[in-house]
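Next comes target35.cif, with mmCIF, C-alpha atoms.
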data_target
#
loop_
_atom_site.label_atom_id
_atom_site.label_comp_id
_atom_site.auth_asym_id
_atom_site.auth_seq_id
_atom_site.Cartn_x
_atom_site.Cartn_y
_atom_site.Cartn_z
CA ALA A 1 -4.09 -17.40 -10.47
CA VAL A 2 -5.01 -13.82 -11.35
CA ASP A 3 -2.59 -13.87 -14.28
CA ARG A 4 -4.18 -17.08 -15.57
CA ALA A 5 -7.67 -15.58 -15.33
CA ALA A 6 -6.59 -12.36 -17.02
CA GLU A 7 -5.30 -14.33 -20.00
CA ARG A 8 -8.89 -15.47 -20.62
CA SER A 9 -10.56 -12.10 -20.12
CA ARG A 10 -12.01 -10.10 -23.01
CA GLY A 11 -13.05 -6.85 -21.33
CA LYS A 12 -11.64 -3.34 -21.55
CA TYR A 13 -10.93 -3.34 -17.80
CA LEU A 14 -9.82 -5.88 -15.25
CA LEU A 15 -11.04 -5.80 -11.66
CA LEU A 16 -9.07 -7.65 -9.01
CA LEU A 17 -11.37 -8.15 -6.04
CA ASN A 18 -10.53 -10.01 -2.85
CA SER A 19 -12.77 -12.89 -1.87
CA ASP A 20 -13.49 -11.10 1.44
CA ALA A 21 -14.52 -7.81 -0.25
CA ARG A 22 -18.08 -6.58 -0.84
CA LEU A 23 -19.01 -3.70 -3.14
CA GLU A 24 -21.51 -0.90 -2.64
CA PRO A 25 -24.13 -1.19 -5.43
CA ASP A 26 -22.65 1.66 -7.51
CA ALA A 27 -18.97 1.14 -6.65
CA LEU A 28 -17.88 -0.52 -9.87
CA GLU A 29 -19.91 1.88 -12.03
CA ARG A 30 -18.30 4.89 -10.33
CA ALA A 31 -14.81 3.46 -10.76
CA VAL A 32 -15.28 2.64 -14.45
CA GLN A 33 -16.74 6.10 -15.09
CA TRP A 34 -13.59 7.60 -13.57
CA MET A 35 -11.37 5.47 -15.78
CA GLU A 36 -13.38 6.44 -18.86
CA ALA A 37 -13.09 10.14 -18.05
CA ASN A 38 -9.39 9.98 -17.13
CA PRO A 39 -7.42 8.06 -19.75
CA GLN A 40 -4.15 8.83 -17.99
CA CYS A 41 -5.29 6.73 -15.03
CA GLY A 42 -3.90 3.21 -15.29
CA VAL A 43 -5.05 1.89 -11.90
CA ALA A 44 -7.89 2.95 -9.60
CA GLY A 45 -8.51 1.85 -6.03
CA ALA A 46 -11.45 2.27 -3.67
CA GLN A 47 -11.98 3.47 -0.13
CA LEU A 48 -11.92 0.24 1.86
CA ARG A 49 -14.06 -0.01 4.97
CA ASN A 50 -14.44 -2.33 7.93
CA GLU A 51 -17.76 -4.02 8.61
CA ASP A 52 -18.69 -1.22 11.04
CA GLY A 53 -18.10 1.39 8.32
CA SER A 54 -14.83 2.73 9.71
CA PRO A 55 -12.12 3.38 7.09
CA GLN A 56 -9.22 1.08 6.37
CA ASN A 57 -5.94 2.16 4.88
CA SER A 58 -6.58 2.04 1.15
CA ILE A 59 -3.39 3.70 -0.11
CA ALA A 60 0.14 2.30 -0.05
CA ASN A 61 3.36 4.21 -0.52
CA PHE A 62 6.14 2.67 -2.52
CA PRO A 63 8.33 0.95 0.09
CA ASN A 64 11.45 2.79 1.16
CA LEU A 65 13.67 2.79 4.23
CA TRP A 66 11.36 5.23 6.01
CA THR A 67 8.29 3.03 5.58
CA GLU A 68 10.00 -0.29 6.25
CA LEU A 69 12.19 0.69 9.21
CA GLY A 70 9.97 3.37 10.73
CA ASN A 71 6.44 3.58 12.09
CA LYS A 72 3.99 3.87 9.18
CA ALA A 73 1.13 5.21 11.30
CA LEU A 74 3.39 7.94 12.69
CA LEU A 75 4.60 8.86 9.21
CA ARG A 76 1.00 9.18 8.02
CA ARG A 77 0.20 11.52 10.90
CA LEU A 78 3.33 13.67 10.63
CA PHE A 79 3.56 13.86 6.83
CA PRO A 80 0.04 13.27 5.47
CA GLU A 81 0.79 14.66 2.01
CA ARG A 82 3.77 12.37 1.52
CA PHE A 83 2.24 9.37 3.32
CA PRO A 84 -1.56 9.56 2.86
CA GLY A 85 -3.75 7.26 4.91
CA LYS A 86 -6.99 6.85 6.81
CA GLU A 87 -5.92 9.35 9.49
CA ARG A 88 -6.74 12.27 7.18
CA PRO A 89 -9.44 11.20 4.74
CA THR A 90 -10.02 13.08 1.50
CA ASP A 91 -13.28 13.70 -0.34
CA ARG A 92 -11.80 13.92 -3.84
CA PRO A 93 -9.75 11.56 -6.02
CA ARG A 94 -6.02 11.88 -5.57
CA THR A 95 -2.92 10.61 -7.30
CA VAL A 96 -1.04 8.10 -5.11
CA ASP A 97 1.89 5.72 -5.36
CA SER A 98 -0.18 2.58 -5.05
CA VAL A 99 -3.55 1.29 -3.84
CA ILE A 100 -4.42 -1.72 -1.72
CA GLY A 101 -5.26 -4.67 -3.97
CA ALA A 102 -8.55 -5.69 -2.31
CA PHE A 103 -10.21 -3.59 -5.05
CA PHE A 104 -7.85 -2.99 -7.97
CA LEU A 105 -9.24 -1.73 -11.29
CA THR A 106 -6.86 -1.50 -14.22
CA ARG A 107 -6.93 -1.29 -18.01
CA ALA A 108 -6.65 -4.57 -19.87
CA ASP A 109 -4.22 -3.10 -22.38
CA LEU A 110 -1.96 -1.86 -19.58
CA TRP A 111 -2.13 -5.29 -17.94
CA LYS A 112 -0.98 -6.90 -21.18
CA ARG A 113 1.72 -4.29 -21.68
CA LEU A 114 3.15 -4.97 -18.22
CA ARG A 115 2.58 -8.73 -18.58
CA GLY A 116 0.37 -8.88 -15.52
CA MET A 117 1.50 -9.37 -11.98
CA ASP A 118 5.09 -10.32 -11.26
CA GLU A 119 4.73 -13.94 -10.13
CA GLY A 120 7.86 -13.62 -8.00
CA PHE A 121 5.56 -11.98 -5.46
CA PHE A 122 3.42 -14.68 -3.92
CA PHE A 123 1.20 -12.97 -1.36
CA PHE A 124 2.20 -9.33 -0.69
CA LEU A 125 3.28 -6.23 -2.65
CA GLU A 126 2.37 -7.65 -6.06
CA GLU A 127 -0.11 -4.79 -6.59
CA THR A 128 2.46 -2.26 -5.35
CA ASP A 129 4.98 -3.60 -7.84
CA PHE A 130 2.36 -3.38 -10.61
CA CYS A 131 1.57 0.24 -9.70
CA TYR A 132 5.27 1.08 -9.71
CA ARG A 133 5.66 -0.35 -13.19
CA ALA A 134 2.47 1.41 -14.35
CA ARG A 135 3.88 4.73 -13.11
CA GLN A 136 7.16 3.99 -14.88
CA ALA A 137 5.15 3.41 -18.08
CA GLY A 138 3.60 6.89 -17.82
CA PHE A 139 0.24 6.08 -16.21
CA LEU A 140 -1.21 7.43 -12.97
CA VAL A 141 -2.66 5.59 -9.98
CA HIS A 142 -5.71 7.10 -8.30
CA HIS A 143 -7.48 6.58 -4.99
CA LEU A 144 -11.24 7.11 -5.36
CA PRO A 145 -12.78 8.00 -1.96
CA ASP A 146 -16.39 7.91 -3.25
CA VAL A 147 -16.02 4.25 -4.30
CA HIS A 148 -16.77 2.25 -1.15
CA VAL A 149 -15.82 -1.41 -0.62
CA TRP A 150 -16.25 -3.42 2.58
CA HIS A 151 -13.20 -5.55 3.20
CA GLY A 152 -12.55 -8.30 5.75
CA LYS A 153 -8.99 -7.16 6.34
CA GLY A 154 -6.48 -9.85 7.26
CA ARG A 155 -8.82 -12.84 7.06
CA SER A 156 -6.77 -14.53 4.35
CA ALA A 157 -3.68 -14.59 6.57
CA ALA A 158 -5.39 -15.09 9.93
CA SER A 159 -5.12 -18.88 9.86
CA ALA A 160 -1.32 -18.82 9.45
CA PRO A 161 0.03 -15.49 10.81
CA ALA A 162 3.68 -16.57 11.12
CA GLU A 163 3.78 -18.02 7.60
CA ALA A 164 2.03 -14.94 6.20
CA ARG A 165 4.56 -12.69 7.91
CA ILE A 166 7.40 -14.62 6.29
CA GLU A 167 5.77 -13.98 2.90
CA TYR A 168 5.56 -10.27 3.65
CA TRP A 169 9.26 -10.12 4.50
CA ARG A 170 10.10 -12.15 1.39
CA SER A 171 8.13 -9.69 -0.74
CA ARG A 172 9.83 -6.70 0.87
CA TYR A 173 13.25 -8.08 0.03
CA ARG A 174 12.17 -8.77 -3.55
CA TYR A 175 10.67 -5.31 -4.01
CA PHE A 176 13.87 -3.60 -2.84
CA ALA A 177 15.98 -5.87 -5.04
CA LEU A 178 13.91 -4.87 -8.08
CA HIS A 179 13.26 -1.18 -7.50
CA ALA A 180 15.43 0.35 -4.77
CA PRO A 181 18.96 1.71 -5.09
CA ARG A 182 21.56 -0.92 -4.24
CA GLY A 183 22.61 0.93 -1.10
CA GLU A 184 19.06 0.98 0.25
CA GLU A 185 18.61 -2.71 -0.49
CA ILE A 186 21.78 -3.59 1.43
CA CYS A 187 20.72 -1.36 4.32
CA LEU A 188 17.32 -3.05 4.49
CA ARG A 189 18.80 -6.55 4.41
CA ILE A 190 21.02 -5.64 7.35
CA ALA A 191 18.68 -3.44 9.39
CA LEU A 192 15.54 -5.61 9.31
CA PRO A 193 17.18 -8.74 10.81
CA LEU A 194 19.02 -6.61 13.40
CA ARG A 195 15.75 -5.04 14.48
CA LEU A 196 14.15 -8.48 14.62
CA VAL A 197 16.89 -9.72 16.97
CA CYS A 198 16.42 -6.67 19.20
CA GLU A 199 12.67 -7.26 19.31
CA LEU A 200 13.19 -10.90 20.27
CA ALA A 201 15.58 -9.86 23.03
CA GLY A 202 12.89 -7.56 24.35
CA ASP A 203 10.34 -10.38 24.15
CA LEU A 204 12.57 -12.61 26.28
CA LEU A 205 12.95 -9.90 28.92
CA LEU A 206 9.20 -9.39 29.08
CA PHE A 207 8.28 -13.07 28.89
CA PRO A 208 7.84 -13.58 32.68
CA PHE A 209 5.33 -10.72 32.78
CA PHE A 210 3.29 -11.33 29.62
CA ARG A 211 3.55 -15.04 28.89
CA GLY A 212 -0.10 -15.57 29.76
CA GLN A 213 -1.33 -13.12 27.12
CA PRO A 214 -2.26 -14.84 23.80
CA ARG A 215 -1.45 -11.76 21.70
CA TYR A 216 2.05 -11.53 23.17
CA ARG A 217 2.69 -15.24 22.67
CA GLU A 218 1.50 -15.10 19.03
CA ARG A 219 3.72 -12.11 18.31
CA MET A 220 6.70 -13.86 19.85
CA LYS A 221 5.98 -17.04 17.89
CA THR A 222 5.87 -15.04 14.65
CA ARG A 223 9.19 -13.34 15.37
CA TRP A 224 10.90 -16.66 16.13
CA ALA A 225 9.54 -18.05 12.86
CA LEU A 226 11.04 -15.08 11.02
CA LEU A 227 14.39 -15.61 12.71
CA ARG A 228 14.42 -19.32 11.80
CA TRP A 229 13.58 -18.40 8.20
CA HIS A 230 16.54 -16.02 8.02
CA LEU A 231 18.91 -18.51 9.62
CA ALA A 232 17.77 -21.19 7.15
CA GLY A 233 18.66 -18.92 4.22
CA LYS A 234 15.11 -17.68 3.43
CA PRO A 235 13.99 -20.90 1.69
CA ASP A 236 10.82 -21.03 -0.41
CA ARG A 237 9.62 -24.07 1.55
CA MET A 238 9.07 -21.89 4.61
CA GLY A 239 6.06 -19.58 4.50
CA LEU A 240 2.65 -20.14 2.99
CA PRO A 241 2.12 -23.32 0.93
CA ARG A 242 2.27 -22.85 -2.83
CA ASP A 243 -0.24 -25.61 -3.67
#

Exercise: express the given structure as structure tokens:
Amino acid sequence: AVDRAAERSRGKYLLLLNSDARLEPDALERAVQWMEANPQCGVAGAQLRNEDGSPQNSIANFPNLWTELGNKALLRRLFPERFPGKERPTDRPRTVDSVIGAFFLTRADLWKRLRGMDEGFFFFLEETDFCYRARQAGFLVHHLPDVHVWHGKGRSAASAPAEARIEYWRSRYRYFALHAPRGEEICLRIALPLRLVCELAGDLLLFPFFRGQPRYRERMKTRWALLRWHLAGKPDRMGLPRD
């Protein structure tokens, strides 16, 4: 849908803004001013905030085996320069791998050059893939901490958490197939399902103790849905509806 809208746009910049995002009055002006002053910047992202004003993660690293098989929050705390996040906020713009797509400002000419978003990504990592290709084309991606955007994080997927999780796994596999070394892709395709099986085994052991807790039951339901998706051969019909 974004690609279709971009085809009809006539502006110098394109802003992708989630339906559950709300801008501070000067947010867009600040972001455009940054782009005007920094022609090497191909994509700019904002500091996303929860409704209570607390920060959300607004920066995304390019996926690798560390991020996908490890604990992202722990990585951000132990290696903040390599894995920046909300744990150590910054007060000045910084170059990053990728930004979260709830607020995603890019140049229209770069969009056309990269032919927009890769439509093989349906719901997750499409902005990360775009940022990767922008970096490959010689542009930078910047996080702008003085551009504030309130974001209802997770609302789009809240009504179908298991299906949304399937889409996230599907996007991870696609990203690694496109951009990771072949050895890392194979490792991911083996390690992720193995970890899933181990997690389900742990769920079964804990079931007598936690079966009355809705959060535990929802997590277990999501993991079983992921296992069924893998056993079925990762079909497109499983996951979020495409209509």

Item to complete: Evaluate the PyMOL selection byres ((chain A and resi 221) around 12) here and jot the selected residues down as a VMD selection string.
Response: chain A and resid 160 to 163 165 to 166 199 to 200 203 to 204 207 211 214 to 220 222 to 228

Q. With only C-alpha atoms as the atoms that count, which of A:Val32, A:Leu16, A:Leu192, A:Val99 lies nearest to A:Trp169?
A.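 Counting only C-alpha atoms, the residue closest to A:Trp169 is A:Leu192.
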
Exercise for the section: Write out as a PyMOL selection string which residues come within 9 Å of A:Ala60 when counting all atoms listed in the file, dropping same-chain ones fewer than 5 positions away. Expected result: chain A and resi 83-85+96-100+128

* What does the distance between atom CA of A:Tyr132 and atom CA of A:Cys41 come to in Å, to one decimal place? ->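 For atom CA of A:Tyr132 relative to atom CA of A:Cys41, the distance reads 13.1 Å.
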
**OP:** Could you check which of A:Gly70, A:Leu240, A:Pro145, A:Gly233 is closest to A:Arg195, using all atoms listed in the file?
**Re:**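 Using all atoms listed in the file, the shortest distance to A:Arg195 belongs to A:Gly70.
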
Proximity to A:Arg30 - best of A:Ala46, A:Val2, A:Leu178, A:Ala232, only C-alpha atoms
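The closest residue to A:Arg30 is A:Ala46.
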